[in-house]
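Visitor: Quick one: the structure is below, and I'll ask about it shortly.
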Amino acid sequence: MDYPGNLFVVAAPSGAGKSSLVKALLELDSHVQPSVSHTTRPPRGQEKHGREYFFVSEPEFDQMVLADAFVEWAHVHGRRYGTSKKAIEDRIAHGADVILEIDWQGALQIKRIFTNAVMIFILPPSWDELRSRLERRGEDAPEVIETRLRNAAAEMSQCKEFDFVIINELFERALFDLKAIVHSQRLKYVSQKRLRADTFKALGI
Ligand SMILES: Nc1nc2c(ncn2[C@@H]2O[C@H](COP(=O)(O)OP(=O)(O)O)[C@@H](O)[C@H]2O)c(=O)[nH]1
Ligand SMILES: Nc1ncnc2c1ncn2[C@@H]1O[C@H](COP(=O)(O)OP(=O)(O)O)[C@@H](O)[C@H]1O
């Protein structure tokens, strides 16, 4: 059987460090590909259309919803965000490992469609640290930060629905955990279905 590829879904409250962790994982592991979402929120300082997000207008987003172009989409912090079918279906069909960085509502929609999706939730170590990360990032206006903090408790309470919870206190430790999850899912297929079968054959067992 060909390696089917895994779908990893990472959710977290704003400021927990999910983008930094996913970015670091992508730099270390060329077999994992990101899914680039569409959003109606405006770009932050260094963000580029087509790299962090496809930044679209409300009517453009409406059009995509009407055209059934999304696998999932949700309202988050007063904006809309969605994973297009185009962003993931080709890659999954080609056996790539794909990682989605989406909110919990989208994550649960994905789990219903792709039942094998591996669900990962990132938590900050404390409220104080969450606030200071959002402030230190320095990308959002104070009222945007307050909205994100207000929404964080409800978001974090969803972590129980996920397969894995990583506490991002020390960055390198959290990255190690994320790599371990990705690696273990890959081993399931590679060792059981392919390498192990070859070894069994060679050993005659
Ligand atoms: N449902 C859904 N949520 C998304 C998608 N893309 C991003 N999000 C989530 O939208 C929320 C806000 O993202 P963003 O504006 O980049 O802010 P950040 O979380 O502070 O980095 C985060 O929880 C993201 O994971 C998507 O395609 N679908
Ligand atoms: N373990 C960590 N310790 C300290 N700062 C961190 C850690 N992880 C991420 N950060 C910082 O916190 C801020 C928010 O991280 P980011 O990845 O943008 O979060 P998210 O994508 O979840 O909103 C960034 O400035 C990032 O550099």
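Chain labels follow the order of the structure tokens: the first chain is A, the next B, and so on; residue numbering restarts at 1 in every chain, and ligands are counted from 1 in their shown order.
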Using only C-alpha atoms and all ligand atoms, I'd like a table of the residues in chain A that come within 9 Å of ligand 2; for each, show the closest atom pair and its distance in Å rounded to one decimal, ordered by chain and ascending number, as a tab-separated table.
Guide:
residue	atom	partner	partner_atom_place_in_ligand_line	distance
A:Ala11	CA	ligand 2	22 (O)	8.0
A:Ala12	CA	ligand 2	22 (O)	5.8
A:Pro13	CA	ligand 2	22 (O)	5.9
A:Ser14	CA	ligand 2	23 (O)	3.7
A:Gly15	CA	ligand 2	23 (O)	3.6
A:Ala16	CA	ligand 2	22 (O)	4.1
A:Gly17	CA	ligand 2	19 (O)	3.3
A:Lys18	CA	ligand 2	22 (O)	3.9
A:Ser19	CA	ligand 2	21 (O)	3.6
A:Ser20	CA	ligand 2	17 (O)	3.6
A:Leu21	CA	ligand 2	17 (O)	6.4
A:Val22	CA	ligand 2	17 (O)	8.0
A:Lys23	CA	ligand 2	17 (O)	8.3
A:Glu101	CA	ligand 2	21 (O)	8.4
A:Ile122	CA	ligand 2	22 (O)	7.8
A:Leu123	CA	ligand 2	22 (O)	8.8
A:Pro124	CA	ligand 2	1 (N)	8.0
A:Pro125	CA	ligand 2	1 (N)	8.8
A:Glu129	CA	ligand 2	4 (C)	8.0
A:Leu130	CA	ligand 2	12 (O)	7.8
A:Ser132	CA	ligand 2	12 (O)	8.0
A:Arg133	CA	ligand 2	12 (O)	4.2
A:Leu134	CA	ligand 2	14 (C)	5.7
A:Glu135	CA	ligand 2	25 (O)	8.0
A:Arg136	CA	ligand 2	25 (O)	5.7
A:Arg137	CA	ligand 2	25 (O)	3.7
A:Gly138	CA	ligand 2	25 (O)	7.5
A:Glu139	CA	ligand 2	25 (O)	8.7
A:Ile167	CA	ligand 2	1 (N)	8.6
A:Asn168	CA	ligand 2	1 (N)	4.9
A:Glu169	CA	ligand 2	1 (N)	4.6
A:Leu170	CA	ligand 2	1 (N)	4.4
A:Phe171	CA	ligand 2	1 (N)	3.5
A:Glu172	CA	ligand 2	1 (N)	7.3
A:Arg173	CA	ligand 2	1 (N)	8.2
A:Ala174	CA	ligand 2	1 (N)	7.2
A:Leu175	CA	ligand 2	1 (N)	8.8
Visitor: Using only C-alpha atoms and all ligand atoms, find each protein or nucleic acid residue lying at most 7 Å from ligand 1; present the set as a PyMOL selection string.
Guide: chain A and resi 11-15+19+37-39+41+72-74+76-77+81-83+101-107
Visitor: Could those selected residues go to a file with C-alpha atoms, as a PDB file, in the first residue's frame?
Guide:
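Below is the file part.pdb, written as the result:
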ATOM      1  CA  ALA A  11      -5.349  24.627  16.996  1.00  0.00           C
ATOM      2  CA  ALA A  12      -4.591  27.048  19.808  1.00  0.00           C
ATOM      3  CA  PRO A  13      -5.695  30.374  21.212  1.00  0.00           C
ATOM      4  CA  SER A  14      -4.115  33.397  19.616  1.00  0.00           C
ATOM      5  CA  GLY A  15      -0.601  33.966  20.969  1.00  0.00           C
ATOM      6  CA  SER A  19       2.399  29.687  13.916  1.00  0.00           C
ATOM      7  CA  SER A  37      -6.080  29.326   4.309  1.00  0.00           C
ATOM      8  CA  HIS A  38      -8.231  32.144   3.003  1.00  0.00           C
ATOM      9  CA  THR A  39      -9.164  34.955   5.369  1.00  0.00           C
ATOM     10  CA  ARG A  41      -8.736  39.764   7.970  1.00  0.00           C
ATOM     11  CA  GLU A  72     -14.360  23.998   6.268  1.00  0.00           C
ATOM     12  CA  TRP A  73     -14.677  27.612   7.274  1.00  0.00           C
ATOM     13  CA  ALA A  74     -15.539  29.535  10.445  1.00  0.00           C
ATOM     14  CA  VAL A  76     -13.036  33.654  14.300  1.00  0.00           C
ATOM     15  CA  HIS A  77     -12.422  36.911  16.204  1.00  0.00           C
ATOM     16  CA  TYR A  81     -11.224  31.942   7.770  1.00  0.00           C
ATOM     17  CA  GLY A  82     -11.432  28.846   5.580  1.00  0.00           C
ATOM     18  CA  THR A  83      -9.483  25.885   4.213  1.00  0.00           C
ATOM     19  CA  GLU A 101      -3.337  25.630  11.455  1.00  0.00           C
ATOM     20  CA  ILE A 102      -6.982  26.403  12.084  1.00  0.00           C
ATOM     21  CA  ASP A 103      -9.377  27.200  14.918  1.00  0.00           C
ATOM     22  CA  TRP A 104     -11.174  24.530  16.958  1.00  0.00           C
ATOM     23  CA  GLN A 105     -14.465  24.890  15.041  1.00  0.00           C
ATOM     24  CA  GLY A 106     -12.690  24.187  11.762  1.00  0.00           C
ATOM     25  CA  ALA A 107     -10.660  21.425  13.399  1.00  0.00           C
TER      26      ALA A 107
END
Visitor: Could you please determine the separation between CA of Ala141 (chain A) and CA of Cys159 (chain A) in Å, to one decimal place?
Guide: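 For CA of Ala141 (chain A) relative to CA of Cys159 (chain A), the distance reads 26.8 Å.
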Visitor: Would you write out, as a tab-separated table, a table of all residues in region 52-99 of chain A that have an atom no more than 10 Å from an atom of region 29-32 of chain A, listing for each the closest atom pair and the distance in Å to one decimal, considering only C-alpha atoms and ordering rows by chain and rising residue number?
Guide:
residue	atom	partner	partner_atom	distance
A:Gly95	CA	A:His31	CA	9.8
A:Ala96	CA	A:His31	CA	6.6
A:Asp97	CA	A:Val32	CA	4.8
A:Val98	CA	A:Val32	CA	5.6
A:Ile99	CA	A:Val32	CA	6.8
Visitor: Write a file of the selected residues as a compact mmCIF listing (two decimals), in the first residue's frame, keeping C-alpha atoms.
Guide:
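So the final result, stored in out.txt, reads:
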# COMPACT_ATOMS: atom_id res chain seq x y z
CA GLY A 95 0.49 11.11 -0.12
CA ALA A 96 1.93 14.28 1.42
CA ASP A 97 1.69 15.03 5.12
CA VAL A 98 -0.37 18.19 5.34
CA ILE A 99 -0.63 20.47 8.37
Visitor: Can you check which residues of region 15-187 of chain A DSSP gives as strand (DSSP E or B) on the backbone and send them as a count of residues only?
Guide: 38
